[in-house]
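Down below is the structure, laid out as structure tokens.
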Amino acid sequence: MILIHINNVPQPLTEPTSLAAVVLAQDIALDSVAIVLNAEVVPRNRWQSILCQHEDKLELFSAVAGG
Amino acid sequence: MLKIADVEFESRLFTGTGKFSNSQVMLEAITASKSQLVTVAMKRIDFKMELDDLLTPLRQAGVRLLPNTSGARNAKEAVFAAELAREMLGTHWIKLEIHPDPKYLMPDAIETLAAAKILCDKGFIVMPYVHADPVLCRRLEEVGCAAVMPLASPIGSNQGLVTESFLKIIIEQARVPVVIDAGIGAPSQAARAMELGADAVLVNTAIASSASPIVMAECFKEAVQCGRRAFEAGLGRVQTGAVHTSPLTGFLNQ
């Protein structure tokens with residue numbers, strides 16, 4: 001089993017899963033987030049091809065109101 | 001028409017999305033303001049909270065988004081935030097703001113200049129929020145910033161153009177658009193900024209915190225238009241003494 005952490009919340013994966021699929025599984029629209037994988041911002045064009053590895057740390061960011 | 005980088009703006013009023021009571025009011029106020037450039041911030045998602053969909057209504061409104069780097073405490077974090085924004089929103093535009101001091105939110109000039117250089121070299125359209133420092137604004141222009149955003153007074157303070165003397169110097173010297181940001185608390189202050197020759201103003205708190213944000217947004221729209229027209233028409237010279245406007249002939253005695 002692969003165990004990843006999404007914003008510090010442990011998330012087990014039963015099969016190899018892309019970053020894009022992980023986001024969609026959280027019920028989050030892909031065009032509303034940015035993904036940081038192990039402290040690196042991941043370019044959007046790689047979200048489909050990168051598969052999560054055991055102990056990966058994902059951080060998801062969204063837009064919020066601000067001036 | 002105002003042009004920043006290669007984009008033309010009909011409206012010289014930029015708005016923020018913070019502090020509105022709800023997203024419907026925010027959207028209606030932004031629509032009423034006719035603003036075409038709207039700031040957003042970014043935050044790590046907290047799965048315990050319900051996700052607020054800020055982007056869908058803003059995208060539907062057809063405004064250009066200007067993500068900011070608020071929360072960054074130094075140049076490294078600001079560059080990271082800009083890269084986040086680029087992947088999230090698909091824009092190279094970034095409002096660069098680094099203000100680690102929580103009380104006055106004064107922008108850190110040294111970190112801001114360092115981040116601006118890196119981001120310009122990476123191809124970002126950089127609009128830095130800075131103190132009203134004419135020397136710093138020149139340096140930011142030299143490293144390739146598309147505009148400068150000097151503050152009128154502390155963020156959200158509604159104090160108006162506390163830095164007016166220095167804003168005048170910045171406007172006189174700038175070869176990139178000058179967007180006066182922060183502290184503008186009343187339409188009259190926005191009009192004054194435009195009369196000085198500012199290319200645009202950014203207003204958030206004064207609209208969002210008003211009892212009637214939609215009406216206030218319209219007031220700011222009109223004030224900015226009025227101030228700009230007055231600037232273009234040319235204001236009279238300020239003089240110490242009186243200069244008569246009527247004939248001084250003592251007609252009663254003639």
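To be explicit about the labels: the chains of the structure tokens are called A, B, and onward in the order shown, and within each one the residues are counted from 1, while ligands get numbers from 1 in the order they are shown.
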
- Item | Filtered DSSP result for segment 19-254 of chain B, state strand (DSSP E), as a ChimeraX atom specification | /B:37-44,64-67,93-96,125-130,149-150,179-181,200-203

If we count only C-alpha atoms, which residues of chain B reach to within 9 Å of chain A? Please list them as a short mmCIF file (atom, residue, chain, number, x, y, z; two decimals) with N, CA, C and O atoms, in the first residue's frame.
```cif
data_model
loop_
_atom_site.label_atom_id
_atom_site.label_comp_id
_atom_site.auth_asym_id
_atom_site.auth_seq_id
_atom_site.Cartn_x
_atom_site.Cartn_y
_atom_site.Cartn_z
N THR B 15 -9.44 46.49 -8.02
CA THR B 15 -10.10 46.18 -6.75
C THR B 15 -9.57 44.89 -6.15
O THR B 15 -9.03 44.03 -6.85
N GLY B 16 -9.77 44.77 -4.84
CA GLY B 16 -9.41 43.54 -4.14
C GLY B 16 -10.67 42.75 -3.82
O GLY B 16 -11.80 43.25 -3.98
N THR B 17 -10.48 41.53 -3.36
CA THR B 17 -11.61 40.66 -3.07
C THR B 17 -11.77 40.39 -1.57
O THR B 17 -12.67 39.67 -1.16
N GLY B 18 -10.91 40.98 -0.75
CA GLY B 18 -10.92 40.71 0.69
C GLY B 18 -12.03 41.46 1.42
O GLY B 18 -12.52 42.48 0.95
N LYS B 19 -12.40 40.91 2.57
CA LYS B 19 -13.26 41.59 3.56
C LYS B 19 -14.72 41.79 3.16
O LYS B 19 -15.46 42.46 3.87
N PHE B 20 -15.16 41.27 2.03
CA PHE B 20 -16.58 41.39 1.69
C PHE B 20 -17.37 40.43 2.58
O PHE B 20 -16.88 39.37 2.97
N VAL B 38 -8.39 42.35 -10.68
CA VAL B 38 -8.90 42.04 -9.35
C VAL B 38 -7.90 41.13 -8.63
O VAL B 38 -7.48 40.12 -9.18
N THR B 39 -7.56 41.51 -7.41
CA THR B 39 -6.56 40.72 -6.68
C THR B 39 -7.18 39.54 -5.94
O THR B 39 -8.32 39.63 -5.47
N VAL B 40 -6.40 38.48 -5.83
CA VAL B 40 -6.77 37.34 -4.99
C VAL B 40 -5.53 36.90 -4.22
O VAL B 40 -4.40 37.16 -4.65
N ALA B 41 -5.74 36.25 -3.10
CA ALA B 41 -4.64 35.70 -2.32
C ALA B 41 -4.67 34.17 -2.46
O ALA B 41 -5.56 33.63 -3.12
N MET B 42 -3.73 33.51 -1.84
CA MET B 42 -3.70 32.04 -1.88
C MET B 42 -3.51 31.49 -0.48
O MET B 42 -2.89 32.15 0.37
N LYS B 43 -4.03 30.30 -0.28
CA LYS B 43 -3.93 29.70 1.05
C LYS B 43 -3.87 28.18 0.90
O LYS B 43 -4.47 27.62 -0.02
N ARG B 44 -3.18 27.57 1.83
CA ARG B 44 -3.15 26.12 1.92
C ARG B 44 -4.58 25.66 2.27
O ARG B 44 -5.20 26.23 3.17
N ILE B 45 -5.08 24.67 1.56
CA ILE B 45 -6.45 24.21 1.81
C ILE B 45 -6.55 23.54 3.18
O ILE B 45 -5.71 22.71 3.53
N ASP B 46 -7.56 23.94 3.92
CA ASP B 46 -7.85 23.30 5.20
C ASP B 46 -9.06 22.40 4.99
O ASP B 46 -10.18 22.89 4.79
N PHE B 47 -8.85 21.10 5.02
CA PHE B 47 -9.95 20.17 4.69
C PHE B 47 -11.06 20.17 5.74
O PHE B 47 -12.13 19.63 5.51
N LEU B 51 -14.74 24.46 1.26
CA LEU B 51 -14.01 25.23 0.25
C LEU B 51 -14.91 26.32 -0.33
O LEU B 51 -16.01 26.06 -0.76
N ASP B 52 -14.39 27.55 -0.30
CA ASP B 52 -15.15 28.67 -0.85
C ASP B 52 -14.70 28.86 -2.31
O ASP B 52 -13.52 29.09 -2.57
N ASP B 53 -15.62 28.70 -3.22
CA ASP B 53 -15.26 28.81 -4.64
C ASP B 53 -15.23 30.28 -5.05
O ASP B 53 -16.23 30.86 -5.43
N LEU B 54 -14.05 30.85 -4.95
CA LEU B 54 -13.87 32.27 -5.28
C LEU B 54 -13.70 32.46 -6.78
O LEU B 54 -14.14 33.46 -7.35
N LEU B 55 -13.05 31.48 -7.42
CA LEU B 55 -12.60 31.70 -8.79
C LEU B 55 -13.72 31.64 -9.83
O LEU B 55 -13.72 32.43 -10.77
N THR B 56 -14.66 30.72 -9.65
CA THR B 56 -15.69 30.55 -10.69
C THR B 56 -16.45 31.85 -10.95
O THR B 56 -16.53 32.27 -12.12
N PRO B 67 -3.05 37.63 -8.79
CA PRO B 67 -2.76 36.97 -7.51
C PRO B 67 -1.68 37.73 -6.75
O PRO B 67 -0.79 38.33 -7.37
N ASN B 68 -1.78 37.72 -5.44
CA ASN B 68 -0.74 38.38 -4.65
C ASN B 68 0.07 37.34 -3.87
O ASN B 68 -0.30 36.17 -3.78
N SER B 70 0.77 37.64 -0.69
CA SER B 70 0.54 37.93 0.72
C SER B 70 0.79 36.69 1.58
O SER B 70 0.38 35.59 1.22
N PHE B 80 8.13 31.44 -4.47
CA PHE B 80 7.34 30.21 -4.34
C PHE B 80 5.85 30.52 -4.55
O PHE B 80 5.17 29.82 -5.30
N GLU B 83 5.02 31.18 -8.17
CA GLU B 83 4.98 29.95 -8.95
C GLU B 83 3.69 29.17 -8.68
O GLU B 83 3.08 28.60 -9.59
N LEU B 84 3.25 29.19 -7.42
CA LEU B 84 1.95 28.59 -7.08
C LEU B 84 0.83 29.25 -7.87
O LEU B 84 -0.02 28.58 -8.47
N ALA B 85 0.86 30.57 -7.88
CA ALA B 85 -0.20 31.35 -8.55
C ALA B 85 -0.22 31.06 -10.05
O ALA B 85 -1.27 30.91 -10.66
N ARG B 86 0.97 30.95 -10.63
CA ARG B 86 1.07 30.69 -12.07
C ARG B 86 0.43 29.34 -12.41
O ARG B 86 -0.32 29.22 -13.38
N GLU B 87 0.69 28.32 -11.60
CA GLU B 87 0.11 27.00 -11.88
C GLU B 87 -1.37 26.95 -11.55
O GLU B 87 -2.14 26.28 -12.22
N MET B 88 -1.78 27.69 -10.51
CA MET B 88 -3.18 27.67 -10.12
C MET B 88 -4.05 28.42 -11.12
O MET B 88 -5.12 27.94 -11.51
N LEU B 89 -3.59 29.59 -11.52
CA LEU B 89 -4.46 30.50 -12.27
C LEU B 89 -4.04 30.65 -13.73
O LEU B 89 -4.74 31.31 -14.51
N GLY B 90 -2.92 30.08 -14.07
CA GLY B 90 -2.46 30.19 -15.45
C GLY B 90 -2.11 31.62 -15.84
O GLY B 90 -2.33 32.03 -16.97
N ILE B 155 -2.06 49.47 4.84
CA ILE B 155 -3.12 48.65 4.28
C ILE B 155 -4.36 48.68 5.18
O ILE B 155 -4.27 48.48 6.39
N ALA B 182 -3.27 50.73 -1.30
CA ALA B 182 -3.31 50.67 0.16
C ALA B 182 -3.63 52.00 0.82
O ALA B 182 -3.00 53.02 0.57
N LEU B 202 -5.64 51.05 -6.49
CA LEU B 202 -6.21 49.77 -6.06
C LEU B 202 -6.95 50.00 -4.75
O LEU B 202 -6.37 50.51 -3.79
N VAL B 203 -8.21 49.64 -4.74
CA VAL B 203 -9.05 49.86 -3.56
C VAL B 203 -9.69 48.54 -3.15
O VAL B 203 -10.23 47.84 -4.00
N ASN B 204 -9.61 48.22 -1.87
CA ASN B 204 -10.28 47.03 -1.36
C ASN B 204 -11.12 47.35 -0.13
O ASN B 204 -12.34 47.41 -0.18
N THR B 205 -10.45 47.66 0.98
CA THR B 205 -11.15 47.84 2.25
C THR B 205 -12.27 48.88 2.17
O THR B 205 -13.37 48.66 2.69
#
```

- Task: Write out as a ChimeraX atom specification each polymer residue whose atoms come within 9 Å of Gln173 of chain B, counting only C-alpha atoms; drop sequence neighbours fewer than 6 positions from it.
- Result: /B:134,137-138

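Neighbours of segment 49-55 of chain A closer than or equal to 12 Å, with only C-alpha atoms counted and sequence neighbours fewer than 5 positions away skipped, come out as Met1, Ile2, Leu3, Ile4, His5, Ile6, Asn8, Val9, Pro10, Gln11, Pro12, Leu13, Thr14, Glu15, Pro16, Thr17, Ser18, Leu19, Ala20, Ala21, Val22, Val23, Ile35, Leu37, Asn38, Val42, Pro43 and Arg44 of chain A.
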
How would the residues just chosen look if you wrote them out with N, CA and C atoms as a compact mmCIF listing (two decimals), in the first residue's frame?
```txt
# COMPACT_ATOMS: atom_id res chain seq x y z
N MET A 1 0.84 -1.20 0.00
CA MET A 1 0.00 0.00 0.00
C MET A 1 0.88 1.26 0.00
N ILE A 2 0.40 2.25 -0.71
CA ILE A 2 1.12 3.53 -0.75
C ILE A 2 0.44 4.48 0.23
N LEU A 3 1.24 5.08 1.10
CA LEU A 3 0.67 6.07 2.02
C LEU A 3 1.24 7.45 1.65
N ILE A 4 0.35 8.37 1.35
CA ILE A 4 0.80 9.75 1.10
C ILE A 4 0.18 10.67 2.15
N HIS A 5 0.64 11.89 2.18
CA HIS A 5 0.07 12.89 3.10
C HIS A 5 -0.40 14.08 2.28
N ILE A 6 -1.67 14.43 2.43
CA ILE A 6 -2.20 15.61 1.72
C ILE A 6 -2.49 16.67 2.77
N ASN A 8 -0.90 17.34 5.34
CA ASN A 8 -0.65 16.68 6.63
C ASN A 8 -1.68 15.62 7.01
N VAL A 9 -2.65 15.34 6.15
CA VAL A 9 -3.63 14.29 6.45
C VAL A 9 -3.19 13.01 5.72
N PRO A 10 -2.99 11.90 6.46
CA PRO A 10 -2.56 10.65 5.81
C PRO A 10 -3.64 10.13 4.87
N GLN A 11 -3.21 9.63 3.72
CA GLN A 11 -4.16 9.17 2.69
C GLN A 11 -3.59 7.90 2.07
N PRO A 12 -4.20 6.74 2.37
CA PRO A 12 -3.71 5.51 1.74
C PRO A 12 -4.20 5.39 0.29
N LEU A 13 -3.34 4.87 -0.57
CA LEU A 13 -3.73 4.64 -1.97
C LEU A 13 -3.56 3.16 -2.26
N THR A 14 -4.54 2.58 -2.91
CA THR A 14 -4.46 1.15 -3.18
C THR A 14 -3.79 0.84 -4.52
N GLU A 15 -3.68 1.83 -5.35
CA GLU A 15 -3.03 1.62 -6.65
C GLU A 15 -2.29 2.88 -7.06
N PRO A 16 -1.36 2.77 -8.01
CA PRO A 16 -0.63 3.97 -8.45
C PRO A 16 -1.61 5.04 -8.92
N THR A 17 -1.47 6.22 -8.37
CA THR A 17 -2.45 7.29 -8.63
C THR A 17 -1.72 8.57 -9.03
N SER A 18 -2.23 9.21 -10.06
CA SER A 18 -1.60 10.47 -10.50
C SER A 18 -1.97 11.60 -9.55
N LEU A 19 -1.20 12.68 -9.60
CA LEU A 19 -1.51 13.86 -8.79
C LEU A 19 -2.90 14.38 -9.13
N ALA A 20 -3.21 14.41 -10.43
CA ALA A 20 -4.52 14.92 -10.85
C ALA A 20 -5.64 14.08 -10.24
N ALA A 21 -5.47 12.77 -10.24
CA ALA A 21 -6.52 11.88 -9.70
C ALA A 21 -6.67 12.06 -8.20
N VAL A 22 -5.56 12.32 -7.52
CA VAL A 22 -5.63 12.55 -6.07
C VAL A 22 -6.44 13.80 -5.77
N VAL A 23 -6.22 14.84 -6.57
CA VAL A 23 -6.97 16.10 -6.35
C VAL A 23 -8.46 15.87 -6.62
N ILE A 35 -0.49 22.53 -6.85
CA ILE A 35 0.01 21.35 -6.14
C ILE A 35 1.49 21.52 -5.83
N LEU A 37 4.56 19.25 -4.39
CA LEU A 37 4.94 17.86 -4.09
C LEU A 37 6.33 17.89 -3.45
N ASN A 38 6.39 17.45 -2.22
CA ASN A 38 7.66 17.42 -1.48
C ASN A 38 8.39 18.77 -1.59
N VAL A 42 4.52 21.91 -8.58
CA VAL A 42 4.50 21.03 -9.75
C VAL A 42 3.81 21.74 -10.91
N PRO A 43 4.49 21.85 -12.07
CA PRO A 43 3.83 22.45 -13.24
C PRO A 43 2.56 21.67 -13.60
N ARG A 44 1.54 22.42 -13.94
CA ARG A 44 0.23 21.84 -14.24
C ARG A 44 0.30 20.74 -15.32
```

- Contacts of Gln24 of chain B at 10 Å or less, counting only C-alpha atoms, minus same-chain residues fewer than 5 places along, as a list in words? Ala29, Ile30 and Pro57 of chain B

- Task: List every residue of segment 26-64 of chain A that DSSP, applied to the backbone of this structure, assigns to helix (DSSP H, G or I), and report them as a PyMOL selection string.
- Result: chain A and resi 30-32+44-46

Write a file of the just-selected residues containing N, CA, C and O atoms, as a PDB file, in the first residue's frame.
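Saved file result22.pdb follows:
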```pdb
ATOM      1  N   LEU A  30      -9.752  20.810 -10.711  1.00  0.00           N
ATOM      2  CA  LEU A  30      -8.334  20.944 -11.047  1.00  0.00           C
ATOM      3  C   LEU A  30      -7.937  22.383 -11.353  1.00  0.00           C
ATOM      4  O   LEU A  30      -6.795  22.785 -11.126  1.00  0.00           O
ATOM      5  N   ASP A  31      -8.887  23.169 -11.880  1.00  0.00           N
ATOM      6  CA  ASP A  31      -8.517  24.540 -12.261  1.00  0.00           C
ATOM      7  C   ASP A  31      -8.582  25.515 -11.090  1.00  0.00           C
ATOM      8  O   ASP A  31      -8.515  26.718 -11.279  1.00  0.00           O
ATOM      9  N   SER A  32      -8.721  24.981  -9.864  1.00  0.00           N
ATOM     10  CA  SER A  32      -8.821  25.877  -8.708  1.00  0.00           C
ATOM     11  C   SER A  32      -7.679  25.697  -7.709  1.00  0.00           C
ATOM     12  O   SER A  32      -7.693  26.296  -6.646  1.00  0.00           O
ATOM     13  N   ARG A  44       1.535  22.422 -13.941  1.00  0.00           N
ATOM     14  CA  ARG A  44       0.232  21.842 -14.241  1.00  0.00           C
ATOM     15  C   ARG A  44       0.303  20.745 -15.320  1.00  0.00           C
ATOM     16  O   ARG A  44      -0.412  19.748 -15.248  1.00  0.00           O
ATOM     17  N   ASN A  45       1.192  20.911 -16.297  1.00  0.00           N
ATOM     18  CA  ASN A  45       1.247  19.930 -17.397  1.00  0.00           C
ATOM     19  C   ASN A  45       1.861  18.588 -16.976  1.00  0.00           C
ATOM     20  O   ASN A  45       1.955  17.660 -17.774  1.00  0.00           O
ATOM     21  N   ARG A  46       2.248  18.471 -15.707  1.00  0.00           N
ATOM     22  CA  ARG A  46       2.795  17.188 -15.231  1.00  0.00           C
ATOM     23  C   ARG A  46       1.872  16.504 -14.232  1.00  0.00           C
ATOM     24  O   ARG A  46       2.187  15.431 -13.724  1.00  0.00           O
TER      25      ARG A  46
END
```

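The protein and nucleic acid residues lying at most 12 Å from Ile214 of chain B are B:Phe20, B:Ser21, B:Gln24, B:Val25, B:Met26, B:Leu27, B:Glu28, B:Ala29, B:Ile30, B:Thr31, B:Ala32, B:Ser33, B:Lys34, B:Ala206, B:Ile207, B:Ala208, B:Ser209, B:Ser210, B:Ala211, B:Ser212, B:Met216, B:Ala217, B:Glu218, B:Cys219, B:Phe220, B:Lys221, with only C-alpha atoms considered and sequence neighbours fewer than 2 positions away removed.
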
- Two-atom distance - atom CA of Ile169 of chain B, atom CA of Asp133 of chain B (Å): 8.8 Å

- Query: Please, what distance in Å, to one decimal, runs between atom CA of Arg237 of chain B and atom CA of Arg12 of chain B?
  - Reply: 24.7 Å

- Do you know which residues are at most 9 Å from Ala230 of chain B counting only C-alpha atoms, after dropping those on the same chain fewer than 6 positions away, and could you put them as number ranges by chain? B: 191, 194-195
